[in-house]
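Asker: Structure incoming, see below.
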Amino acid sequence: MVKNKINADSSASSSNPSKSKKNAIYALLGIIVVVAIAIGFYLNNDSSNDLSGKLIESSRNAAIDKFQNQFCGNNTRPNSNEFVNEYVLPTTCEMPLGIAVDNNASKVWYISTKNGILGSYNTKENRFDQERTIPIWRSRQNPIDFSQVWTIKVDRENNIWFTDEKQNAIWRYNNLLKTFEIFNIPEISKSFGTTYPVSMDFDSSGNIYLVGIRSPSLWFANVTEMRNGTSDGISRIPIPLQGFAGIDPDLISTGSVIVDENNNTVWLSMLAFAKKGEIFKYDINSKTFKVFELPPDINSPVGITLDNNDDIWVTDHGTSIFYKLDHSNGRITKFVTSQASSRVFGRNSTSEEGAYTLPYWIQKGSNGSIWFNEHTGNKIAVFNPINMTLVEYWIPTQNALFGQCQPDSANNCGIANLLQFSVGTNNDVWFTEWSENKIGRVDSYKEVPFSVSSSEKEVTIAKGKSAEIKLNLQTSSTLSSSSDNTINMIKSGTFTPTGDLGNSTGSFSEQSFSIANGMSKQISF
């Protein structure tokens with residue numbers, strides 16, 4: 001199967017296999033371990049009786065400085081490129097994560113995971129609104145703590161719902177009354193102290209299905225029965241985990257959840273990171289689960305969404321692969337991003353083996369397109385399932401503290417920690433940069449300067465043989481004469497989890513060339 005790719009203001013490359021696991025591990029949970037160590041250091045020193053007050057104060061300040069330098073984006077600035085614009089948040093060290101586009105109100109909602117603030121950006125007036133303080137936020141009092149909010153949803157009454165890791169709860173902000181309500185999950189993980197609510201979705205009646213990273217359960221919340229400060233109306237639906245037998249339960253996590261209103265079903269992803277992955281379908285009427293086993297090479301499913309044909313699209317957050325799962329027969333069709341850009345590692349062109357881009361969260365756009373973010377690839381991507389074309393937008397911020405920068409690197413390197421995003425009804429895409437104190441927007445309406453197509457959609461090649469694929473390139477006729485129309489060809493495939501071609505080889509008849517505006521060119525792969 002041939003898949004066309006377009007890199008919008010981007011480039012390609014690859015990392016060492018031994019390093020790639022580190023890339024993947026910190027992405028979902030390991031990044032929090034770094035902070036947990038710092039927190040322990042801070043608290044232990046704060047309570048040590050055998051240290052002098054001066055040493056305690058020095059240790060505390062050192063821990064705070066380290067945290068702020070790594071996570072607060074103290075020296076951040078609003079970078080931009082041809083397709084992406086960034087906006088610095090109005091309060092220092094917000095550590096934004098969950099985000100939701102609210103087209104009805106012309107707002108973009110976000111949560112400060114550090115300060116416990118619900119903020120919004122007015123897209124009509126191009127300014128930030130006054131931020132709203134969430135009444136209970138434990139990490140607000142601890143200078144090196146935060147509570148992760150991965151999901152924000154806007155309901156039919158324009159109320160704002162969001163998850164809360166540390167309080168083991170979900171919240172509702174009543175937009176009319178300007179009040180917050182908290183609803184507690186009626187279970188606590190003995191190992192982690194929280195079920196870690198991570199993803200939720202509404203059914204056709206406005207009720208909520210919810211999952212938590214530290215909970216092997218699907219939760220149902222009857223909104224009419226929910227009461228502020230209680231667990232009323234929230235019930236547990238156990239998930240069958242026979243497929244994870246023999247794996248430490250503490251390593252099993254829920255990825256995300258989405259409701260299929262057309263078929264009255266709920267889909268969710270489950271993973272033991274880099275060990276085992278499964279997709280579950282829950283039938284609301286029969287109250288039964290159907291399990292879809294995943295191949296060993298895509299064992300870390302996180303993001304999950306539905307396309308216009310009710311098929312499931314999933315991101316594998318341990319590789320560079322995303323895939324479609326046919327809801328009728330369970331068949332999986334794998335796709336892959338471009339290989340990790342050399343810019344992530346501070347190189348101009350030299351590639352590194354084994355680097356993953358780590359596709360993370362995924363959403364359907366209003367026109368049926370499939371959007372997802374590449375965490376360590378430092379891009380937001382959109383895939384057209386009709387013509388199988390992938391467009392990737394490079395994020396113009398890089399932080400060397402979150403990346404495997406080369407020791408002799410003279411260029412920018414690292415990633416922006418683009419951890420979550422939201423697609424509006426008009427395909428306007430907004431994202432958060434968790435460690436950069438910024439949100440950003442992808443201008444998806446802006447014309448990409450060229451297109452790639454092929455008349456050949458399937459090619460079968462016998463082992464040891466070769467084939468030629470004709471590619472048609474077309475540049476836009478509306479571009480200014482000063483536009484750079486230099487095309488650099490890149491390749492990747494699902495032969496390996498990183499997009500490398502493995503034991504196969506491939507080359508272009510021309511690797512780099514220029515095309516005048518409005519002109520076309522055919523080359524061979």
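Scheme for the structure tokens: letters A, B, ... for chains in order shown; per-chain residue numbers from 1; ligand numbers from 1 in order shown.
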Could you make a table, as a tab-separated table, of the residues of region 108-161 of chain A that have an atom within 6 Å of an atom of region 171-183 of chain A, each with its nearest atom pair and distance in Å to one decimal, counting only C-alpha atoms, in chain and number order?
Answerer:
residue	atom	partner	partner_atom	distance
A:Asn159	CA	A:Asn174	CA	5.0
A:Ile160	CA	A:Tyr173	CA	5.0
A:Trp161	CA	A:Arg172	CA	4.5
Asker: Taking the DSSP secondary structure from the backbone, can you list the residues of region 68-314 of chain A that are alpha helix (DSSP H), as a list in words?
Answerer: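 So, restricting region 68-314 of chain A to alpha helix (DSSP H), we get Gln68, Asn69, Gln70 and Phe71 of chain A.
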Asker: Save the residues we just selected, N, CA, C and O atoms, as a PDB file, in the first residue's frame?
Answerer:
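The resulting file, selection_27.pdb, is reproduced below:
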ATOM      1  N   GLN A  68      11.425  24.434  38.322  1.00  0.00           N
ATOM      2  CA  GLN A  68      10.990  25.572  37.513  1.00  0.00           C
ATOM      3  C   GLN A  68      11.762  25.670  36.204  1.00  0.00           C
ATOM      4  O   GLN A  68      11.191  26.001  35.160  1.00  0.00           O
ATOM      5  N   ASN A  69      13.065  25.376  36.256  1.00  0.00           N
ATOM      6  CA  ASN A  69      13.861  25.427  35.033  1.00  0.00           C
ATOM      7  C   ASN A  69      13.414  24.380  34.020  1.00  0.00           C
ATOM      8  O   ASN A  69      13.476  24.597  32.804  1.00  0.00           O
ATOM      9  N   GLN A  70      12.939  23.229  34.538  1.00  0.00           N
ATOM     10  CA  GLN A  70      12.583  22.133  33.647  1.00  0.00           C
ATOM     11  C   GLN A  70      11.140  22.213  33.154  1.00  0.00           C
ATOM     12  O   GLN A  70      10.859  21.869  32.004  1.00  0.00           O
ATOM     13  N   PHE A  71      10.228  22.689  33.993  1.00  0.00           N
ATOM     14  CA  PHE A  71       8.810  22.556  33.667  1.00  0.00           C
ATOM     15  C   PHE A  71       8.053  23.872  33.491  1.00  0.00           C
ATOM     16  O   PHE A  71       6.916  23.849  33.042  1.00  0.00           O
TER      17      PHE A  71
END
Asker: Please list as a PyMOL selection string every residue within 12 Å of Thr305 (chain A), counting only C-alpha atoms and excluding residues in the same chain fewer than 3 positions away.
Answerer: chain A and resi 199+201+255-260+266-269+279+301-302+308-315+322-325+327+360-365+368-372
Asker: Can you list, as an mmCIF file with N, CA and C atoms, in the first residue's frame, every protein, DNA or RNA residue that comes within 8 Å of Asn74 (chain A) when you count only C-alpha atoms, leaving out same-chain residues fewer than 6 positions away?
Answerer:
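And here's result_25.cif as it stands now:
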data_model
loop_
_atom_site.group_PDB
_atom_site.id
_atom_site.type_symbol
_atom_site.label_atom_id
_atom_site.label_comp_id
_atom_site.auth_asym_id
_atom_site.auth_seq_id
_atom_site.Cartn_x
_atom_site.Cartn_y
_atom_site.Cartn_z
ATOM 1 N N GLN A 68 11.425 24.434 38.322
ATOM 2 C CA GLN A 68 10.990 25.572 37.513
ATOM 3 C C GLN A 68 11.762 25.670 36.204
ATOM 4 N N THR A 92 2.614 32.696 35.160
ATOM 5 C CA THR A 92 3.857 31.922 35.084
ATOM 6 C C THR A 92 3.619 30.482 35.521
ATOM 7 N N CYS A 93 4.376 29.585 34.936
ATOM 8 C CA CYS A 93 4.412 28.163 35.292
ATOM 9 C C CYS A 93 3.019 27.546 35.381
ATOM 10 N N GLU A 436 6.359 24.444 28.413
ATOM 11 C CA GLU A 436 6.748 25.714 27.791
ATOM 12 C C GLU A 436 5.820 26.872 28.154
ATOM 13 N N ASN A 437 4.779 26.603 28.965
ATOM 14 C CA ASN A 437 3.837 27.644 29.391
ATOM 15 C C ASN A 437 3.155 28.323 28.195
#
Asker: Work out how far apart CA of Leu251 (chain A) and CA of Ile234 (chain A) are and give it in Å to one decimal.
Answerer: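 CA of Leu251 (chain A) sits 24.9 Å away from CA of Ile234 (chain A).
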Asker: Grab the CA of Phe273 (chain A) to CA of Gln148 (chain A) distance for me, in Å with one decimal place.
Answerer: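 So the two atoms, CA of Phe273 (chain A) and CA of Gln148 (chain A), lie 19.0 Å apart.
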Asker: Quick one: everything within 12 Å of Glu187 (chain A), counting only C-alpha atoms, minus sequence neighbours fewer than 5 positions away in the same chain. Send it as an mmCIF file with all heavy atoms, in the first residue's frame.
Answerer:
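Below is the file that was written, part-v5.cif:
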data_model
loop_
_atom_site.group_PDB
_atom_site.id
_atom_site.type_symbol
_atom_site.label_atom_id
_atom_site.label_comp_id
_atom_site.auth_asym_id
_atom_site.auth_seq_id
_atom_site.Cartn_x
_atom_site.Cartn_y
_atom_site.Cartn_z
ATOM 1 N N GLN A 167 -6.724 14.744 42.719
ATOM 2 C CA GLN A 167 -7.950 14.703 43.516
ATOM 3 C C GLN A 167 -8.807 13.485 43.190
ATOM 4 O O GLN A 167 -9.881 13.317 43.782
ATOM 5 C CB GLN A 167 -8.769 15.982 43.313
ATOM 6 C CG GLN A 167 -8.370 17.126 44.226
ATOM 7 C CD GLN A 167 -7.113 17.842 43.761
ATOM 8 O OE1 GLN A 167 -6.145 17.939 44.503
ATOM 9 N NE2 GLN A 167 -7.108 18.329 42.541
ATOM 10 N N ASN A 168 -8.340 12.626 42.246
ATOM 11 C CA ASN A 168 -9.056 11.397 41.905
ATOM 12 C C ASN A 168 -10.513 11.696 41.563
ATOM 13 O O ASN A 168 -11.445 11.099 42.089
ATOM 14 C CB ASN A 168 -8.987 10.405 43.080
ATOM 15 C CG ASN A 168 -9.419 9.003 42.685
ATOM 16 O OD1 ASN A 168 -8.985 8.488 41.662
ATOM 17 N ND2 ASN A 168 -10.273 8.400 43.486
ATOM 18 N N ALA A 169 -10.703 12.641 40.631
ATOM 19 C CA ALA A 169 -12.052 13.146 40.400
ATOM 20 C C ALA A 169 -12.190 13.696 38.986
ATOM 21 O O ALA A 169 -11.221 13.807 38.218
ATOM 22 C CB ALA A 169 -12.365 14.254 41.416
ATOM 23 N N PHE A 192 -1.008 3.606 43.944
ATOM 24 C CA PHE A 192 -0.715 4.948 43.455
ATOM 25 C C PHE A 192 -1.545 6.038 44.122
ATOM 26 O O PHE A 192 -1.301 7.219 43.890
ATOM 27 C CB PHE A 192 -0.927 4.992 41.939
ATOM 28 C CG PHE A 192 -0.057 4.030 41.182
ATOM 29 C CD1 PHE A 192 -0.553 2.798 40.791
ATOM 30 C CD2 PHE A 192 1.255 4.339 40.891
ATOM 31 C CE1 PHE A 192 0.242 1.897 40.093
ATOM 32 C CE2 PHE A 192 2.058 3.448 40.202
ATOM 33 C CZ PHE A 192 1.558 2.214 39.805
ATOM 34 N N GLY A 193 -2.532 5.671 44.918
ATOM 35 C CA GLY A 193 -3.304 6.667 45.646
ATOM 36 C C GLY A 193 -4.360 7.375 44.829
ATOM 37 O O GLY A 193 -5.054 8.257 45.330
ATOM 38 N N THR A 194 -4.494 7.023 43.562
ATOM 39 C CA THR A 194 -5.496 7.623 42.693
ATOM 40 C C THR A 194 -5.761 6.681 41.526
ATOM 41 O O THR A 194 -4.863 5.939 41.093
ATOM 42 C CB THR A 194 -5.031 8.988 42.148
ATOM 43 O OG1 THR A 194 -5.992 9.476 41.190
ATOM 44 C CG2 THR A 194 -3.683 8.892 41.474
ATOM 45 N N THR A 195 -6.978 6.705 41.006
ATOM 46 C CA THR A 195 -7.257 5.952 39.785
ATOM 47 C C THR A 195 -6.717 6.686 38.572
ATOM 48 O O THR A 195 -6.681 6.142 37.488
ATOM 49 C CB THR A 195 -8.770 5.719 39.613
ATOM 50 O OG1 THR A 195 -9.426 6.988 39.511
ATOM 51 C CG2 THR A 195 -9.349 4.932 40.779
ATOM 52 N N TYR A 196 -6.326 7.956 38.773
ATOM 53 C CA TYR A 196 -5.747 8.795 37.728
ATOM 54 C C TYR A 196 -6.709 8.920 36.537
ATOM 55 O O TYR A 196 -6.416 8.454 35.440
ATOM 56 C CB TYR A 196 -4.413 8.221 37.267
ATOM 57 C CG TYR A 196 -3.484 9.172 36.549
ATOM 58 C CD1 TYR A 196 -2.106 9.027 36.642
ATOM 59 C CD2 TYR A 196 -3.972 10.199 35.730
ATOM 60 C CE1 TYR A 196 -1.236 9.881 35.961
ATOM 61 C CE2 TYR A 196 -3.124 11.058 35.057
ATOM 62 C CZ TYR A 196 -1.751 10.892 35.168
ATOM 63 O OH TYR A 196 -0.909 11.729 34.495
ATOM 64 N N PRO A 197 -7.861 9.577 36.733
ATOM 65 C CA PRO A 197 -8.780 9.800 35.614
ATOM 66 C C PRO A 197 -8.041 10.447 34.443
ATOM 67 O O PRO A 197 -7.318 11.426 34.621
ATOM 68 C CB PRO A 197 -9.827 10.745 36.209
ATOM 69 C CG PRO A 197 -9.785 10.468 37.674
ATOM 70 C CD PRO A 197 -8.353 10.176 37.982
ATOM 71 N N VAL A 211 -12.382 6.570 31.954
ATOM 72 C CA VAL A 211 -11.352 5.602 32.325
ATOM 73 C C VAL A 211 -10.222 6.322 33.056
ATOM 74 O O VAL A 211 -10.032 7.533 32.904
ATOM 75 C CB VAL A 211 -10.775 4.851 31.100
ATOM 76 C CG1 VAL A 211 -11.825 3.981 30.462
ATOM 77 C CG2 VAL A 211 -10.181 5.825 30.088
ATOM 78 N N GLY A 212 -9.457 5.549 33.848
ATOM 79 C CA GLY A 212 -8.315 6.084 34.574
ATOM 80 C C GLY A 212 -7.087 5.250 34.323
ATOM 81 O O GLY A 212 -7.170 4.020 34.178
ATOM 82 N N ARG A 214 -4.790 4.330 36.299
ATOM 83 C CA ARG A 214 -4.536 3.380 37.387
ATOM 84 C C ARG A 214 -5.780 2.605 37.800
ATOM 85 O O ARG A 214 -5.880 2.147 38.934
ATOM 86 C CB ARG A 214 -3.958 4.125 38.596
ATOM 87 C CG ARG A 214 -2.662 4.860 38.328
ATOM 88 C CD ARG A 214 -1.595 3.933 37.798
ATOM 89 N NE ARG A 214 -0.302 4.598 37.612
ATOM 90 C CZ ARG A 214 0.751 4.015 37.057
ATOM 91 N NH1 ARG A 214 0.663 2.778 36.627
ATOM 92 N NH2 ARG A 214 1.887 4.681 36.915
ATOM 93 N N SER A 215 -6.708 2.439 36.888
ATOM 94 C CA SER A 215 -7.949 1.725 37.207
ATOM 95 C C SER A 215 -8.279 0.748 36.091
ATOM 96 O O SER A 215 -8.457 1.171 34.941
ATOM 97 C CB SER A 215 -9.101 2.714 37.379
ATOM 98 O OG SER A 215 -10.338 2.041 37.481
ATOM 99 N N PRO A 216 -8.385 -0.550 36.394
ATOM 100 C CA PRO A 216 -8.741 -1.535 35.362
ATOM 101 C C PRO A 216 -10.249 -1.600 35.170
ATOM 102 O O PRO A 216 -10.844 -2.683 35.124
ATOM 103 C CB PRO A 216 -8.178 -2.836 35.941
ATOM 104 C CG PRO A 216 -8.341 -2.668 37.417
ATOM 105 C CD PRO A 216 -8.116 -1.191 37.695
ATOM 106 N N SER A 217 -10.878 -0.446 35.072
ATOM 107 C CA SER A 217 -12.334 -0.380 35.010
ATOM 108 C C SER A 217 -12.776 0.686 34.029
ATOM 109 O O SER A 217 -12.067 1.662 33.758
ATOM 110 C CB SER A 217 -12.928 -0.060 36.402
ATOM 111 O OG SER A 217 -12.490 -0.974 37.375
ATOM 112 N N LEU A 218 -13.988 0.484 33.510
ATOM 113 C CA LEU A 218 -14.699 1.512 32.760
ATOM 114 C C LEU A 218 -15.727 2.094 33.720
ATOM 115 O O LEU A 218 -16.474 1.365 34.361
ATOM 116 C CB LEU A 218 -15.383 0.892 31.538
ATOM 117 C CG LEU A 218 -16.302 1.793 30.725
ATOM 118 C CD1 LEU A 218 -15.515 2.923 30.068
ATOM 119 C CD2 LEU A 218 -17.055 0.976 29.673
ATOM 120 N N TRP A 219 -15.765 3.420 33.844
ATOM 121 C CA TRP A 219 -16.670 4.068 34.777
ATOM 122 C C TRP A 219 -17.812 4.750 34.019
ATOM 123 O O TRP A 219 -17.596 5.340 32.966
ATOM 124 C CB TRP A 219 -15.929 5.101 35.627
ATOM 125 C CG TRP A 219 -14.868 4.488 36.478
ATOM 126 C CD1 TRP A 219 -13.550 4.288 36.164
ATOM 127 C CD2 TRP A 219 -15.034 3.962 37.792
ATOM 128 N NE1 TRP A 219 -12.880 3.685 37.195
ATOM 129 C CE2 TRP A 219 -13.773 3.464 38.219
ATOM 130 C CE3 TRP A 219 -16.122 3.852 38.663
ATOM 131 C CZ2 TRP A 219 -13.564 2.873 39.457
ATOM 132 C CZ3 TRP A 219 -15.925 3.261 39.907
ATOM 133 C CH2 TRP A 219 -14.672 2.790 40.287
ATOM 134 N N THR A 230 -19.347 14.358 46.061
ATOM 135 C CA THR A 230 -19.652 12.956 46.345
ATOM 136 C C THR A 230 -19.323 12.083 45.140
ATOM 137 O O THR A 230 -18.896 12.572 44.088
ATOM 138 C CB THR A 230 -21.140 12.775 46.689
ATOM 139 O OG1 THR A 230 -21.926 12.877 45.480
ATOM 140 C CG2 THR A 230 -21.611 13.838 47.680
ATOM 141 N N SER A 231 -19.575 10.766 45.299
ATOM 142 C CA SER A 231 -19.437 9.806 44.205
ATOM 143 C C SER A 231 -20.791 9.365 43.676
ATOM 144 O O SER A 231 -20.876 8.388 42.913
ATOM 145 C CB SER A 231 -18.646 8.579 44.689
ATOM 146 O OG SER A 231 -17.352 8.938 45.121
ATOM 147 N N ILE A 234 -21.897 7.622 40.016
ATOM 148 C CA ILE A 234 -20.746 7.040 39.326
ATOM 149 C C ILE A 234 -20.628 5.562 39.676
ATOM 150 O O ILE A 234 -20.519 5.205 40.855
ATOM 151 C CB ILE A 234 -19.442 7.778 39.693
ATOM 152 C CG1 ILE A 234 -19.558 9.271 39.374
ATOM 153 C CG2 ILE A 234 -18.252 7.166 38.949
ATOM 154 C CD1 ILE A 234 -18.352 10.083 39.765
ATOM 155 N N SER A 235 -20.670 4.701 38.669
ATOM 156 C CA SER A 235 -20.619 3.251 38.896
ATOM 157 C C SER A 235 -19.488 2.614 38.096
ATOM 158 O O SER A 235 -19.065 3.134 37.061
ATOM 159 C CB SER A 235 -21.955 2.607 38.530
ATOM 160 O OG SER A 235 -22.303 2.902 37.183
ATOM 161 N N ARG A 236 -19.035 1.477 38.570
ATOM 162 C CA ARG A 236 -17.874 0.792 38.008
ATOM 163 C C ARG A 236 -18.294 -0.359 37.106
ATOM 164 O O ARG A 236 -19.182 -1.149 37.458
ATOM 165 C CB ARG A 236 -16.993 0.278 39.147
ATOM 166 C CG ARG A 236 -15.800 -0.559 38.736
ATOM 167 C CD ARG A 236 -14.987 -0.958 39.966
ATOM 168 N NE ARG A 236 -13.879 -1.845 39.618
ATOM 169 C CZ ARG A 236 -13.947 -3.164 39.640
ATOM 170 N NH1 ARG A 236 -15.077 -3.762 40.012
ATOM 171 N NH2 ARG A 236 -12.898 -3.904 39.317
#
Asker: Distance CA of Phe450 (chain A)-CA of Ser507 (chain A), one decimal place?
Answerer: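 Result for CA of Phe450 (chain A) versus CA of Ser507 (chain A): 20.4 Å, one decimal.
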Asker: Excluding Phe244 (chain A) and residues on its chain fewer than 3 positions from it, collect all residues at most 10 Å away from it, counting only C-alpha atoms, and give them as number ranges by chain.
Answerer: A: 240-241, 247-249, 251-252, 270-272, 275-278
Asker: Please, could you write that set of residues out with N, CA and C atoms as a PDB file, in the first residue's frame?
Answerer:
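Okay, out-v1.pdb is ready:
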ATOM      1  N   PRO A 240     -12.549  -7.034  31.536  1.00  0.00           N
ATOM      2  CA  PRO A 240     -11.925  -8.370  31.563  1.00  0.00           C
ATOM      3  C   PRO A 240     -10.462  -8.297  31.142  1.00  0.00           C
ATOM      4  N   LEU A 241      -9.570  -8.715  32.022  1.00  0.00           N
ATOM      5  CA  LEU A 241      -8.134  -8.564  31.773  1.00  0.00           C
ATOM      6  C   LEU A 241      -7.414  -9.898  31.629  1.00  0.00           C
ATOM      7  N   ILE A 247       1.116 -10.422  33.920  1.00  0.00           N
ATOM      8  CA  ILE A 247       1.750  -9.109  33.929  1.00  0.00           C
ATOM      9  C   ILE A 247       1.413  -8.398  35.234  1.00  0.00           C
ATOM     10  N   ASP A 248       2.396  -7.758  35.840  1.00  0.00           N
ATOM     11  CA  ASP A 248       2.194  -7.016  37.080  1.00  0.00           C
ATOM     12  C   ASP A 248       1.026  -6.038  36.905  1.00  0.00           C
ATOM     13  N   PRO A 249      -0.019  -6.144  37.735  1.00  0.00           N
ATOM     14  CA  PRO A 249      -1.181  -5.253  37.593  1.00  0.00           C
ATOM     15  C   PRO A 249      -0.820  -3.769  37.627  1.00  0.00           C
ATOM     16  N   LEU A 251       1.497  -2.386  36.145  1.00  0.00           N
ATOM     17  CA  LEU A 251       1.998  -1.984  34.842  1.00  0.00           C
ATOM     18  C   LEU A 251       0.882  -1.856  33.806  1.00  0.00           C
ATOM     19  N   ILE A 252      -0.333  -2.247  34.169  1.00  0.00           N
ATOM     20  CA  ILE A 252      -1.462  -2.214  33.238  1.00  0.00           C
ATOM     21  C   ILE A 252      -2.174  -0.873  33.352  1.00  0.00           C
ATOM     22  N   MET A 270      -6.206  -0.389  26.161  1.00  0.00           N
ATOM     23  CA  MET A 270      -5.586  -0.892  27.395  1.00  0.00           C
ATOM     24  C   MET A 270      -4.172  -1.334  27.054  1.00  0.00           C
ATOM     25  N   LEU A 271      -3.225  -1.057  27.952  1.00  0.00           N
ATOM     26  CA  LEU A 271      -1.837  -1.401  27.652  1.00  0.00           C
ATOM     27  C   LEU A 271      -1.027  -1.688  28.909  1.00  0.00           C
ATOM     28  N   ALA A 272      -0.104  -2.604  28.757  1.00  0.00           N
ATOM     29  CA  ALA A 272       1.030  -2.727  29.666  1.00  0.00           C
ATOM     30  C   ALA A 272       2.204  -2.254  28.828  1.00  0.00           C
ATOM     31  N   LYS A 275       4.686  -4.021  26.459  1.00  0.00           N
ATOM     32  CA  LYS A 275       4.544  -5.455  26.723  1.00  0.00           C
ATOM     33  C   LYS A 275       3.311  -6.054  26.050  1.00  0.00           C
ATOM     34  N   LYS A 276       2.171  -5.353  26.180  1.00  0.00           N
ATOM     35  CA  LYS A 276       0.915  -5.940  25.730  1.00  0.00           C
ATOM     36  C   LYS A 276      -0.114  -4.836  25.516  1.00  0.00           C
ATOM     37  N   GLY A 277      -0.913  -4.971  24.468  1.00  0.00           N
ATOM     38  CA  GLY A 277      -1.970  -4.008  24.216  1.00  0.00           C
ATOM     39  C   GLY A 277      -3.226  -4.688  23.713  1.00  0.00           C
ATOM     40  N   GLU A 278      -4.385  -4.157  24.112  1.00  0.00           N
ATOM     41  CA  GLU A 278      -5.669  -4.660  23.633  1.00  0.00           C
ATOM     42  C   GLU A 278      -6.637  -3.496  23.430  1.00  0.00           C
TER      43      GLU A 278
END
Asker: Restricting the calculation to only C-alpha atoms: of A:Val198, A:Ile170, A:Ile469, A:Ile490, which residue gets closest to Ala221 (chain A)?
Answerer: A:Ile170
Asker: Can you pull out every residue from region 94-283 of chain A that DSSP, working from the backbone, puts in strand (DSSP E), and format the result as a PyMOL selection string?
Answerer: chain A and resi 96-102+107-112+117-122+127-128+132-133+152-154+160-164+169-174+179-184+197-202+208-212+217-221+234-238+252-260+265-272+276-283
Asker: Write out the residues from the selection above, keeping C-alpha atoms, as a short mmCIF file (atom, residue, chain, number, x, y, z; two decimals), in the first residue's frame.
Answerer:
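selection29.cif, freshly written:
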data_model
loop_
_atom_site.label_atom_id
_atom_site.label_comp_id
_atom_site.auth_asym_id
_atom_site.auth_seq_id
_atom_site.Cartn_x
_atom_site.Cartn_y
_atom_site.Cartn_z
CA PRO A 96 -1.04 23.45 30.53
CA LEU A 97 -2.17 20.01 29.43
CA GLY A 98 -5.86 19.41 28.65
CA ILE A 99 -7.37 21.72 26.02
CA ALA A 100 -10.74 22.01 24.26
CA VAL A 101 -11.89 24.12 21.33
CA ASP A 102 -15.34 25.61 22.02
CA LYS A 107 -13.06 30.10 23.09
CA VAL A 108 -10.24 27.66 23.67
CA TRP A 109 -10.31 26.19 27.20
CA TYR A 110 -7.21 24.93 29.02
CA ILE A 111 -6.19 23.91 32.56
CA SER A 112 -3.10 24.94 34.49
CA ILE A 117 -6.64 27.44 36.94
CA LEU A 118 -9.27 27.12 34.24
CA GLY A 119 -8.24 29.51 31.50
CA SER A 120 -9.62 30.45 28.12
CA TYR A 121 -8.46 32.22 24.99
CA ASN A 122 -11.00 34.31 23.09
CA ARG A 127 -6.87 37.65 23.77
CA PHE A 128 -6.82 35.65 26.99
CA ARG A 132 -10.77 31.10 36.94
CA THR A 133 -9.29 29.55 40.09
CA ILE A 152 -11.36 18.70 28.81
CA LYS A 153 -14.85 18.36 27.27
CA VAL A 154 -17.61 20.88 26.55
CA ILE A 160 -16.75 22.53 30.94
CA TRP A 161 -15.79 19.05 32.22
CA PHE A 162 -12.22 17.98 33.01
CA THR A 163 -10.30 15.15 34.67
CA ASP A 164 -8.12 15.58 37.79
CA ALA A 169 -12.05 13.15 40.40
CA ILE A 170 -13.71 14.87 37.48
CA TRP A 171 -14.91 18.46 37.57
CA ARG A 172 -17.72 20.47 36.00
CA TYR A 173 -17.55 24.22 35.52
CA ASN A 174 -21.04 25.68 35.17
CA THR A 179 -19.28 27.67 39.73
CA PHE A 180 -17.13 24.54 40.04
CA GLU A 181 -18.36 21.10 41.12
CA ILE A 182 -16.15 18.11 41.93
CA PHE A 183 -17.23 14.47 41.57
CA ASN A 184 -15.11 11.81 43.25
CA PRO A 197 -8.78 9.80 35.61
CA VAL A 198 -7.43 10.35 32.10
CA SER A 199 -10.14 10.22 29.42
CA MET A 200 -13.92 10.65 29.18
CA ASP A 201 -16.64 10.98 26.57
CA PHE A 202 -20.38 11.71 26.49
CA ILE A 208 -20.20 10.14 30.80
CA TYR A 209 -18.00 7.12 30.23
CA LEU A 210 -14.64 7.48 31.95
CA VAL A 211 -11.35 5.60 32.32
CA GLY A 212 -8.31 6.08 34.57
CA SER A 217 -12.33 -0.38 35.01
CA LEU A 218 -14.70 1.51 32.76
CA TRP A 219 -16.67 4.07 34.78
CA PHE A 220 -20.19 5.29 34.00
CA ALA A 221 -21.43 8.61 35.36
CA ILE A 234 -20.75 7.04 39.33
CA SER A 235 -20.62 3.25 38.90
CA ARG A 236 -17.87 0.79 38.01
CA ILE A 237 -17.83 -1.58 35.03
CA PRO A 238 -14.99 -4.15 35.45
CA ILE A 252 -1.46 -2.21 33.24
CA SER A 253 -2.93 1.14 32.22
CA THR A 254 -6.03 2.39 30.46
CA GLY A 255 -5.30 4.62 27.49
CA SER A 256 -8.45 6.47 26.44
CA VAL A 257 -12.14 6.01 25.71
CA ILE A 258 -14.62 7.09 23.02
CA VAL A 259 -18.38 6.51 22.66
CA ASP A 260 -19.86 5.31 19.36
CA THR A 265 -20.95 1.03 22.06
CA VAL A 266 -17.90 2.27 23.94
CA TRP A 267 -14.33 1.71 22.74
CA LEU A 268 -11.25 1.88 24.97
CA SER A 269 -7.55 1.08 24.80
CA MET A 270 -5.59 -0.89 27.40
CA LEU A 271 -1.84 -1.40 27.65
CA ALA A 272 1.03 -2.73 29.67
CA LYS A 276 0.92 -5.94 25.73
CA GLY A 277 -1.97 -4.01 24.22
CA GLU A 278 -5.67 -4.66 23.63
CA ILE A 279 -8.67 -2.75 22.28
CA PHE A 280 -12.04 -3.29 23.99
CA LYS A 281 -15.56 -2.74 22.66
CA TYR A 282 -18.27 -2.46 25.29
CA ASP A 283 -21.85 -3.04 24.16
#
Asker: From the list A:Cys413, A:Val423, A:Met226, A:Ala516, which residue is nearest Asn103 (chain A) when using only C-alpha atoms?
Answerer: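 Smallest separation from Asn103 (chain A) among the options: A:Val423.
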